[in-house]
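See below for the structure under consideration.
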Amino acid sequence: MTGGHRLPPGAADRRAVHVPAAPGAARATGTAPSAAVVGGGIAGLAAAVGLAERGVRVTLFEREASLGGRLAGWSTRLADGSTATMSRGFHAFFRQYYNLRALLRRTDPHLERLTRLPDYPLWHADGMRDSFRHVPRTPPWSALGFALTSPSFTLADLPRMNARGALPLMDVRVPEVYERLDACSAHDLLASIRFPAAAHHLAFEVFSRSFFADPRRLSAAEMALMFHIYFLGSAEGLLFDVPDDPFPTALWEPLRAYLESMGADIRTSAPVDRVTAGPGGGFGVSTGTRTREFDACVLALDTDGLRKVAADSPGLADDGWYARVAGLRTAPAFLVSRLWLDRPLAADRAGFLGTSGFGSLDNVSVLDRWEREAHTWSRRTGGSVVELHAYAVADTVDSADREAEQQRLVDQLHRIYPETRAARVVDARHEWRQDCPLFAVDGYADRPAVRTSNPALMVAGDLVRTGLPVALMERAATSGMLAANALLERWRLRGHELWTVPARGRNTALRGLARWGAEWVPAR
């Protein structure tokens, strides 16, 4: 990896790290190699694009009727007769997501289908409020600025904090951060550092729960990496963009058309039952009663999907790979409730609000503030479209529990935005899902990597180890391109360059302090 003044498009951080592409031919000639990409989420789409752009014959299989994976969308008819696009909830497109944004630039060169929200506010139930709007972007001034402006930090809190224990967060590196912190939970790390209780809940637990897990079950290494990516290691800041239309319209339909323009075969509603390794190399990919042959395969599936395909597909790789896949676990269930209300919210309500202390409610989105479809509905009806998200709910809940939880989210909305108490719900949709990977304590070493023991078989998704400082959607996009690059290198075709946030602390002084702090070991 290299640094330097050349930057990814649209980036502000002059220390963004360039991951060069392997050399090779610009496009395949003669009979081009063929590849199956199993899964049409971000990782699968990234792999398909990376391969198709070099002339590889790509067939993408997606079990659902639409692309996008956990960012898919589908049409639903509302009680008033209109149609709307439902999804699995809000996603923030941070400026640090260099590789995801590069993928989207294939069809939107200036990212005009993304719009920036002006603030990232956080509210706690006890009345404490934080904002990142005026926090400096560049570390360490970002951390200092947040501490000085946040009501969750006071001067009286500082002597009680274990400052030495926090210093290693100033120099996060992959994979070293996992070697040091993976055996500790996010909750225990924060408790050992003795962050003020308000800051713990408001500023940090909100972030750790974005991994769809209770901080007691989440690896502290993942949370430390998250701090590095979004706050302590990158100068891109914590403000973010959102698509200005539903996910299919803004993102995936244009990307599908782009892939098809390069000859890729996109097969939706096509679940893969098994993959068979051929005796002379290559793979047979079976969907229903039909099996197609390919030179290579990228498995870009969610946790349960990968486990199922692997269990039904013996002989693809070595026993260690099967053990790692079988050991993957999903995070607790999450709930997305979208409400179409008969009246608008107050004009000063944020497009997105992170919350803490309001039961299981983690954030509130007012979609008509930034999504064109919701805004059109709001203008036509005089109402508003509000989305409520609970990141980590109980692992097992029956229908009665689910209805009660859905009502609890609405009750918390009434606490946060009192004007909604008088609103009538024109219609509502509730999405319960449990398919996000769990980044459990002491689990990093057992996750699969992009490459397997079979040089023609790759794995992509946010569940894999990449060896790079990436997470969430950016890990998915990066892993897809890494999978494509590994196959392209095998076929002596040119790879695709990648970018990441800085791969270590930003300056020598902070790295020295971090080394001193590293001698302290958090309680486990």
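Letters A, B, ... go to the chains of the structure tokens in the order shown; residues in each chain start at 1; ligands are counted from 1 in the same order.
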When you look at stretch 465-475 of chain A with a cut-off of 9 Å (counting only C-alpha atoms), what residues show up, excluding the ones that are within fewer than 6 positions of it in the same chain? I need them as a short mmCIF file (atom, residue, chain, number, x, y, z; two decimals) with N, CA and C atoms, in the first residue's frame.
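Output contents, as saved in around-v2.cif:
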```
data_model
loop_
_atom_site.label_atom_id
_atom_site.label_comp_id
_atom_site.auth_asym_id
_atom_site.auth_seq_id
_atom_site.Cartn_x
_atom_site.Cartn_y
_atom_site.Cartn_z
N ILE A 42 -23.87 -5.79 -2.53
CA ILE A 42 -22.76 -4.89 -2.85
C ILE A 42 -21.51 -5.67 -3.24
N ALA A 43 -21.17 -6.70 -2.46
CA ALA A 43 -19.94 -7.46 -2.74
C ALA A 43 -20.03 -8.16 -4.09
N HIS A 91 -29.23 3.58 5.32
CA HIS A 91 -27.80 3.31 5.26
C HIS A 91 -27.08 4.62 4.95
N PHE A 93 -23.85 6.66 3.56
CA PHE A 93 -22.75 6.53 2.61
C PHE A 93 -21.67 7.56 2.99
N GLN A 96 -15.65 8.23 3.55
CA GLN A 96 -14.53 7.30 3.65
C GLN A 96 -14.76 6.03 2.84
N TYR A 97 -15.95 5.84 2.29
CA TYR A 97 -16.24 4.62 1.54
C TYR A 97 -15.72 4.77 0.11
N TYR A 98 -14.41 4.83 -0.02
CA TYR A 98 -13.80 5.13 -1.31
C TYR A 98 -14.14 4.10 -2.38
N ASN A 99 -14.11 2.82 -2.01
CA ASN A 99 -14.30 1.78 -3.01
C ASN A 99 -15.78 1.59 -3.36
N LEU A 100 -16.66 1.74 -2.39
CA LEU A 100 -18.09 1.72 -2.69
C LEU A 100 -18.46 2.90 -3.57
N ARG A 101 -17.93 4.05 -3.26
CA ARG A 101 -18.25 5.23 -4.05
C ARG A 101 -17.66 5.11 -5.46
N VAL A 172 -4.51 2.55 15.10
CA VAL A 172 -5.15 1.28 14.78
C VAL A 172 -4.60 0.75 13.47
N ARG A 173 -4.17 -0.51 13.48
CA ARG A 173 -3.65 -1.16 12.28
C ARG A 173 -4.30 -2.53 12.15
N VAL A 174 -4.44 -2.97 10.91
CA VAL A 174 -4.99 -4.29 10.63
C VAL A 174 -3.86 -5.18 10.09
N PRO A 175 -3.63 -6.38 10.67
CA PRO A 175 -4.50 -7.10 11.62
C PRO A 175 -4.12 -6.93 13.08
N SER A 210 -24.22 -0.02 15.32
CA SER A 210 -24.38 -0.02 13.87
C SER A 210 -23.88 -1.33 13.26
N PHE A 211 -23.18 -2.15 14.06
CA PHE A 211 -22.81 -3.49 13.62
C PHE A 211 -23.92 -4.49 13.91
N GLU A 222 -13.34 -4.65 16.41
CA GLU A 222 -14.21 -4.05 15.39
C GLU A 222 -14.58 -2.63 15.76
N LEU A 225 -11.57 -0.41 15.21
CA LEU A 225 -11.42 -0.16 13.78
C LEU A 225 -12.45 0.86 13.31
N MET A 226 -13.66 0.76 13.82
CA MET A 226 -14.70 1.71 13.46
C MET A 226 -14.31 3.13 13.87
N HIS A 228 -11.37 4.26 14.17
CA HIS A 228 -10.29 4.68 13.28
C HIS A 228 -10.85 5.14 11.93
N ILE A 229 -11.75 4.35 11.36
CA ILE A 229 -12.27 4.65 10.03
C ILE A 229 -13.06 5.95 10.03
N TYR A 444 -12.26 -13.21 15.06
CA TYR A 444 -11.64 -12.73 13.83
C TYR A 444 -10.85 -13.82 13.11
N ALA A 445 -10.04 -14.56 13.84
CA ALA A 445 -9.16 -15.55 13.22
C ALA A 445 -9.94 -16.67 12.54
N ARG A 447 -12.80 -16.26 10.83
CA ARG A 447 -13.57 -15.82 9.67
C ARG A 447 -12.86 -16.24 8.38
N PRO A 448 -13.62 -16.51 7.33
CA PRO A 448 -12.96 -16.80 6.04
C PRO A 448 -12.33 -15.55 5.47
N ALA A 449 -11.30 -15.74 4.67
CA ALA A 449 -10.67 -14.65 3.93
C ALA A 449 -11.24 -14.62 2.52
N VAL A 450 -10.82 -13.64 1.73
CA VAL A 450 -11.29 -13.55 0.34
C VAL A 450 -10.80 -14.75 -0.45
N LEU A 482 -11.49 -7.15 -4.32
CA LEU A 482 -10.35 -8.02 -4.03
C LEU A 482 -10.54 -9.40 -4.65
N THR A 500 -8.00 3.08 0.81
CA THR A 500 -8.50 2.95 2.18
C THR A 500 -8.16 4.21 2.97
N VAL A 501 -8.76 4.31 4.14
CA VAL A 501 -8.35 5.34 5.08
C VAL A 501 -6.91 5.03 5.49
N PRO A 502 -6.21 5.95 6.17
CA PRO A 502 -4.84 5.67 6.60
C PRO A 502 -4.76 4.34 7.35
N ALA A 503 -3.68 3.62 7.09
CA ALA A 503 -3.52 2.27 7.64
C ALA A 503 -2.88 2.26 9.02
#
```
DSSP on the backbone, strand (DSSP E or B) only: what residues of stretch 244-329 of chain A does that give? Format it as number ranges by chain. A: 265-267, 274-277, 283-287, 290-294, 296-299
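Using only C-alpha atoms, the contacts of A:Leu239 at a cut-off of 12 Å, with sequence neighbours closer than 4 positions omitted, comprise Ala92, Phe93, Phe94, Arg95, Gln96, Thr115, Arg116, Leu117, Pro118, Asp119, Tyr120, Pro121, Ser131, Phe132, Arg133, His134, Val135, Pro136, Arg137, Tyr230, Phe231, Ala235 and Phe352 of chain A.
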Any chance you could list, as a PyMOL selection string, the residues in stretch 275-524 of chain A that come up helix (DSSP H, G or I) when DSSP is run on the backbone? chain A and resi 303-311+319-326+367-369+372-381+399-416+418-422+444-446+472-490+508-517
Could you pull the residues within 9 Å of A:Leu190, counting only C-alpha atoms, minus those fewer than 2 positions along the same chain, as number ranges by chain? A: 166, 185-188, 192-195, 200, 204, 220
May I have the residues from that selection written out with all heavy atoms, as a JSON list (two decimals), in the first residue's frame?
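What ended up in part.json:
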```
[["chain", "number", "residue", "atom", "x", "y", "z"],
["A", 166, "ALA", "N", -6.98, 4.48, 26.47],
["A", 166, "ALA", "CA", -7.59, 4.95, 25.23],
["A", 166, "ALA", "C", -6.56, 5.24, 24.14],
["A", 166, "ALA", "O", -6.90, 5.32, 22.96],
["A", 166, "ALA", "CB", -8.40, 6.22, 25.50],
["A", 185, "SER", "N", -14.66, -7.51, 24.62],
["A", 185, "SER", "CA", -15.88, -6.97, 24.03],
["A", 185, "SER", "C", -15.80, -5.45, 23.94],
["A", 185, "SER", "O", -15.06, -4.80, 24.69],
["A", 185, "SER", "CB", -17.11, -7.37, 24.85],
["A", 185, "SER", "OG", -17.19, -6.61, 26.04],
["A", 186, "ALA", "N", -16.58, -4.89, 23.04],
["A", 186, "ALA", "CA", -16.65, -3.43, 22.92],
["A", 186, "ALA", "C", -17.09, -2.80, 24.23],
["A", 186, "ALA", "O", -16.56, -1.77, 24.66],
["A", 186, "ALA", "CB", -17.61, -3.05, 21.78],
["A", 187, "HIS", "N", -18.06, -3.42, 24.88],
["A", 187, "HIS", "CA", -18.55, -2.89, 26.15],
["A", 187, "HIS", "C", -17.44, -2.87, 27.20],
["A", 187, "HIS", "O", -17.24, -1.87, 27.90],
["A", 187, "HIS", "CB", -19.72, -3.75, 26.64],
["A", 187, "HIS", "CG", -20.19, -3.40, 28.03],
["A", 187, "HIS", "ND1", -19.62, -3.93, 29.17],
["A", 187, "HIS", "CD2", -21.17, -2.56, 28.45],
["A", 187, "HIS", "CE1", -20.22, -3.43, 30.23],
["A", 187, "HIS", "NE2", -21.16, -2.60, 29.81],
["A", 188, "ASP", "N", -16.69, -3.96, 27.30],
["A", 188, "ASP", "CA", -15.64, -4.04, 28.32],
["A", 188, "ASP", "C", -14.49, -3.08, 28.03],
["A", 188, "ASP", "O", -13.88, -2.55, 28.97],
["A", 188, "ASP", "CB", -15.12, -5.47, 28.43],
["A", 188, "ASP", "CG", -16.15, -6.41, 29.05],
["A", 188, "ASP", "OD1", -17.14, -5.92, 29.62],
["A", 188, "ASP", "OD2", -15.97, -7.64, 28.94],
["A", 192, "SER", "N", -13.37, -0.28, 30.63],
["A", 192, "SER", "CA", -12.01, -0.23, 31.14],
["A", 192, "SER", "C", -11.38, 1.15, 30.97],
["A", 192, "SER", "O", -10.60, 1.61, 31.81],
["A", 192, "SER", "CB", -11.14, -1.28, 30.42],
["A", 192, "SER", "OG", -11.61, -2.57, 30.69],
["A", 193, "ILE", "N", -11.72, 1.82, 29.88],
["A", 193, "ILE", "CA", -11.21, 3.17, 29.65],
["A", 193, "ILE", "C", -11.91, 4.18, 30.56],
["A", 193, "ILE", "O", -11.41, 5.26, 30.81],
["A", 193, "ILE", "CB", -11.38, 3.54, 28.17],
["A", 193, "ILE", "CG1", -10.51, 2.62, 27.30],
["A", 193, "ILE", "CG2", -11.01, 5.00, 27.89],
["A", 193, "ILE", "CD1", -10.74, 2.79, 25.82],
["A", 194, "ARG", "N", -13.06, 3.79, 31.07],
["A", 194, "ARG", "CA", -13.86, 4.62, 31.97],
["A", 194, "ARG", "C", -14.32, 5.90, 31.30],
["A", 194, "ARG", "O", -14.20, 7.00, 31.87],
["A", 194, "ARG", "CB", -13.11, 4.90, 33.27],
["A", 194, "ARG", "CG", -12.79, 3.67, 34.09],
["A", 194, "ARG", "CD", -12.35, 4.01, 35.50],
["A", 194, "ARG", "NE", -11.11, 4.76, 35.55],
["A", 194, "ARG", "CZ", -9.88, 4.21, 35.55],
["A", 194, "ARG", "NH1", -9.77, 2.89, 35.51],
["A", 194, "ARG", "NH2", -8.81, 4.96, 35.61],
["A", 195, "PHE", "N", -14.84, 5.77, 30.09],
["A", 195, "PHE", "CA", -15.49, 6.91, 29.47],
["A", 195, "PHE", "C", -16.65, 7.34, 30.34],
["A", 195, "PHE", "O", -17.29, 6.51, 31.00],
["A", 195, "PHE", "CB", -16.02, 6.54, 28.08],
["A", 195, "PHE", "CG", -15.00, 6.63, 26.99],
["A", 195, "PHE", "CD1", -14.52, 5.49, 26.36],
["A", 195, "PHE", "CD2", -14.52, 7.87, 26.58],
["A", 195, "PHE", "CE1", -13.58, 5.58, 25.35],
["A", 195, "PHE", "CE2", -13.57, 7.97, 25.57],
["A", 195, "PHE", "CZ", -13.10, 6.82, 24.96],
["A", 200, "HIS", "N", -20.35, 7.21, 26.87],
["A", 200, "HIS", "CA", -20.39, 5.78, 26.55],
["A", 200, "HIS", "C", -21.68, 5.45, 25.80],
["A", 200, "HIS", "O", -21.65, 4.81, 24.74],
["A", 200, "HIS", "CB", -20.31, 4.99, 27.86],
["A", 200, "HIS", "CG", -20.20, 3.51, 27.69],
["A", 200, "HIS", "ND1", -19.55, 2.71, 28.58],
["A", 200, "HIS", "CD2", -20.68, 2.67, 26.74],
["A", 200, "HIS", "CE1", -19.62, 1.46, 28.20],
["A", 200, "HIS", "NE2", -20.31, 1.41, 27.08],
["A", 204, "PHE", "N", -20.70, 6.47, 21.76],
["A", 204, "PHE", "CA", -19.98, 5.27, 21.38],
["A", 204, "PHE", "C", -20.88, 4.06, 21.20],
["A", 204, "PHE", "O", -20.73, 3.32, 20.24],
["A", 204, "PHE", "CB", -18.89, 4.98, 22.42],
["A", 204, "PHE", "CG", -17.90, 6.10, 22.53],
["A", 204, "PHE", "CD1", -17.81, 6.87, 23.67],
["A", 204, "PHE", "CD2", -17.06, 6.42, 21.48],
["A", 204, "PHE", "CE1", -16.91, 7.91, 23.76],
["A", 204, "PHE", "CE2", -16.16, 7.46, 21.55],
["A", 204, "PHE", "CZ", -16.08, 8.21, 22.71],
["A", 220, "ALA", "N", -14.17, -5.85, 20.54],
["A", 220, "ALA", "CA", -13.62, -4.52, 20.73],
["A", 220, "ALA", "C", -12.73, -4.10, 19.57],
["A", 220, "ALA", "O", -12.61, -2.91, 19.26],
["A", 220, "ALA", "CB", -12.82, -4.46, 22.04]]
```
Selected residue, from A:Arg408, A:Arg451, A:Arg324, A:Arg369, that lies nearest to A:Asp244 when counting only C-alpha atoms: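 Checking each candidate against A:Asp244, we get A:Arg369 as the closest.
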Near A:Leu457, counting only C-alpha atoms, which residues have an atom at most 10 Å away, once you skip same-chain residues fewer than 6 positions from it, shown as a ChimeraX atom specification? /A:35-36,277,282-283,295-299,316-317,450-451,483,486-487
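Rounded to one decimal, atom CA of A:Tyr391 and atom CA of A:Asp368 lie 21.8 Å from each other.
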So that I can check the surroundings of A:Asp302, please list as a CSV table (one decimal) with N, CA, C and O atoms, in the first residue's frame every protein, DNA and RNA residue that reaches within 12 Å of it, counting only C-alpha atoms and ignoring chain neighbours fewer than 6 positions away.
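Final file, around16.csv:
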```csv
chain,number,residue,atom,x,y,z
A,38,VAL,N,-22.1,-15.5,-7.1
A,38,VAL,CA,-23.3,-16.0,-6.4
A,38,VAL,C,-23.6,-15.0,-5.4
A,38,VAL,O,-22.9,-14.9,-4.3
A,39,GLY,N,-24.6,-14.2,-5.6
A,39,GLY,CA,-25.0,-13.1,-4.7
A,39,GLY,C,-25.0,-11.8,-5.4
A,39,GLY,O,-23.9,-11.4,-5.9
A,40,GLY,N,-26.1,-11.0,-5.3
A,40,GLY,CA,-26.2,-9.8,-6.0
A,40,GLY,C,-26.3,-8.6,-5.1
A,40,GLY,O,-26.9,-7.6,-5.4
A,41,GLY,N,-25.6,-8.7,-3.9
A,41,GLY,CA,-25.5,-7.5,-3.0
A,41,GLY,C,-24.3,-6.7,-3.4
A,41,GLY,O,-23.8,-6.8,-4.5
A,42,ILE,N,-23.9,-5.8,-2.5
A,42,ILE,CA,-22.8,-4.9,-2.9
A,42,ILE,C,-21.5,-5.7,-3.2
A,42,ILE,O,-20.8,-5.4,-4.2
A,43,ALA,N,-21.2,-6.7,-2.5
A,43,ALA,CA,-19.9,-7.5,-2.7
A,43,ALA,C,-20.0,-8.2,-4.1
A,43,ALA,O,-19.1,-8.1,-4.9
A,44,GLY,N,-21.2,-8.8,-4.4
A,44,GLY,CA,-21.3,-9.5,-5.6
A,44,GLY,C,-21.3,-8.5,-6.8
A,44,GLY,O,-20.7,-8.8,-7.9
A,62,GLU,N,-28.7,-14.2,-8.3
A,62,GLU,CA,-29.3,-13.5,-7.1
A,62,GLU,C,-30.6,-14.2,-6.7
A,62,GLU,O,-31.5,-14.4,-7.6
A,63,ARG,N,-30.7,-14.7,-5.5
A,63,ARG,CA,-31.9,-15.5,-5.1
A,63,ARG,C,-33.2,-14.6,-5.1
A,63,ARG,O,-34.3,-15.1,-5.3
A,68,GLY,N,-29.0,-5.8,-4.8
A,68,GLY,CA,-28.8,-4.9,-3.7
A,68,GLY,C,-28.5,-5.6,-2.4
A,68,GLY,O,-28.0,-4.9,-1.5
A,69,GLY,N,-28.9,-6.8,-2.3
A,69,GLY,CA,-28.7,-7.5,-1.0
A,69,GLY,C,-29.4,-6.9,0.1
A,69,GLY,O,-30.6,-6.7,0.1
A,70,ARG,N,-28.7,-6.5,1.2
A,70,ARG,CA,-29.3,-5.8,2.3
A,70,ARG,C,-29.7,-4.4,2.0
A,70,ARG,O,-30.2,-3.7,2.9
A,308,LYS,N,-25.1,-22.5,3.9
A,308,LYS,CA,-25.9,-23.4,3.3
A,308,LYS,C,-25.3,-23.9,2.0
A,308,LYS,O,-25.2,-25.2,1.7
A,309,VAL,N,-24.8,-23.0,1.1
A,309,VAL,CA,-24.2,-23.4,-0.1
A,309,VAL,C,-22.9,-24.3,0.2
A,309,VAL,O,-22.7,-25.3,-0.4
A,310,ALA,N,-22.1,-23.9,1.2
A,310,ALA,CA,-20.9,-24.6,1.5
A,310,ALA,C,-21.3,-26.0,2.0
A,310,ALA,O,-20.7,-27.0,1.6
A,325,VAL,N,-16.4,-21.4,7.6
A,325,VAL,CA,-17.7,-21.0,7.2
A,325,VAL,C,-18.8,-21.5,8.1
A,325,VAL,O,-19.7,-20.8,8.4
A,328,LEU,N,-19.5,-19.4,11.2
A,328,LEU,CA,-20.0,-18.0,11.1
A,328,LEU,C,-21.4,-18.0,11.8
A,328,LEU,O,-22.2,-18.9,11.8
A,329,ARG,N,-21.7,-16.8,12.4
A,329,ARG,CA,-22.9,-16.6,13.1
A,329,ARG,C,-23.5,-15.3,12.7
A,329,ARG,O,-22.8,-14.3,12.3
A,330,THR,N,-24.8,-15.2,12.9
A,330,THR,CA,-25.5,-13.9,12.5
A,330,THR,C,-25.8,-13.1,13.8
A,330,THR,O,-25.9,-13.6,14.9
A,331,ALA,N,-25.8,-11.8,13.6
A,331,ALA,CA,-26.1,-10.9,14.7
A,331,ALA,C,-27.6,-11.0,15.1
A,331,ALA,O,-28.4,-11.6,14.3
A,434,GLN,N,-32.8,-11.1,10.2
A,434,GLN,CA,-31.6,-11.5,11.0
A,434,GLN,C,-30.6,-12.2,10.1
A,434,GLN,O,-30.5,-13.4,10.0
A,435,ASP,N,-29.9,-11.4,9.3
A,435,ASP,CA,-28.9,-11.9,8.4
A,435,ASP,C,-27.6,-11.1,8.3
A,435,ASP,O,-26.9,-11.3,7.4
A,436,CYS,N,-27.4,-10.3,9.3
A,436,CYS,CA,-26.1,-9.6,9.3
A,436,CYS,C,-25.1,-10.4,10.1
A,436,CYS,O,-25.4,-11.1,11.0
A,437,PRO,N,-23.8,-10.3,9.7
A,437,PRO,CA,-22.8,-11.1,10.3
A,437,PRO,C,-22.6,-10.6,11.8
A,437,PRO,O,-22.6,-9.4,12.0
A,438,LEU,N,-22.3,-11.5,12.7
A,438,LEU,CA,-21.9,-11.2,14.0
A,438,LEU,C,-20.4,-11.2,14.1
A,438,LEU,O,-19.8,-12.2,13.9
A,459,VAL,N,-14.3,-15.6,-1.9
A,459,VAL,CA,-15.5,-15.3,-1.0
A,459,VAL,C,-15.4,-13.8,-0.8
A,459,VAL,O,-14.4,-13.2,-0.7
A,460,ALA,N,-16.6,-13.2,-0.9
A,460,ALA,CA,-16.7,-11.7,-0.7
A,460,ALA,C,-17.9,-11.4,0.1
A,460,ALA,O,-18.9,-12.1,0.2
A,461,GLY,N,-17.8,-10.2,0.8
A,461,GLY,CA,-18.9,-9.8,1.7
A,461,GLY,C,-18.3,-9.1,2.9
A,461,GLY,O,-17.1,-9.2,3.2
A,462,ASP,N,-19.2,-8.5,3.7
A,462,ASP,CA,-18.7,-7.8,4.9
A,462,ASP,C,-18.3,-8.8,6.0
A,462,ASP,O,-17.8,-8.4,7.0
A,463,LEU,N,-18.6,-10.1,5.8
A,463,LEU,CA,-18.2,-11.1,6.8
A,463,LEU,C,-16.8,-11.6,6.7
A,463,LEU,O,-16.3,-12.3,7.5
A,464,VAL,N,-16.0,-11.2,5.6
A,464,VAL,CA,-14.7,-11.8,5.4
A,464,VAL,C,-13.6,-10.9,6.0
A,464,VAL,O,-13.8,-9.7,6.3
A,476,ALA,N,-17.8,-4.7,2.2
A,476,ALA,CA,-18.4,-5.5,1.2
A,476,ALA,C,-17.9,-5.2,-0.2
A,476,ALA,O,-17.5,-6.0,-1.0
```
Can you list every residue of stretch 24-131 of chain A that has an atom at most 12 Å from stretch 372-375 of chain A, with its nearest atom pair and the distance in Å to one decimal, using only C-alpha atoms, ordered by chain then number, as a tab-separated table?
```
residue	atom	partner	partner_atom	distance
A:Ser75	CA	A:Glu373	CA	11.7
A:Ser82	CA	A:Glu373	CA	11.0
A:Thr83	CA	A:Glu373	CA	9.6
A:Ala84	CA	A:Glu373	CA	7.4
A:Thr85	CA	A:Glu373	CA	8.0
A:Met86	CA	A:Ala374	CA	10.6
A:Arg113	CA	A:Arg372	CA	10.4
A:Leu114	CA	A:Arg372	CA	11.3
A:Thr115	CA	A:Arg372	CA	10.8
```
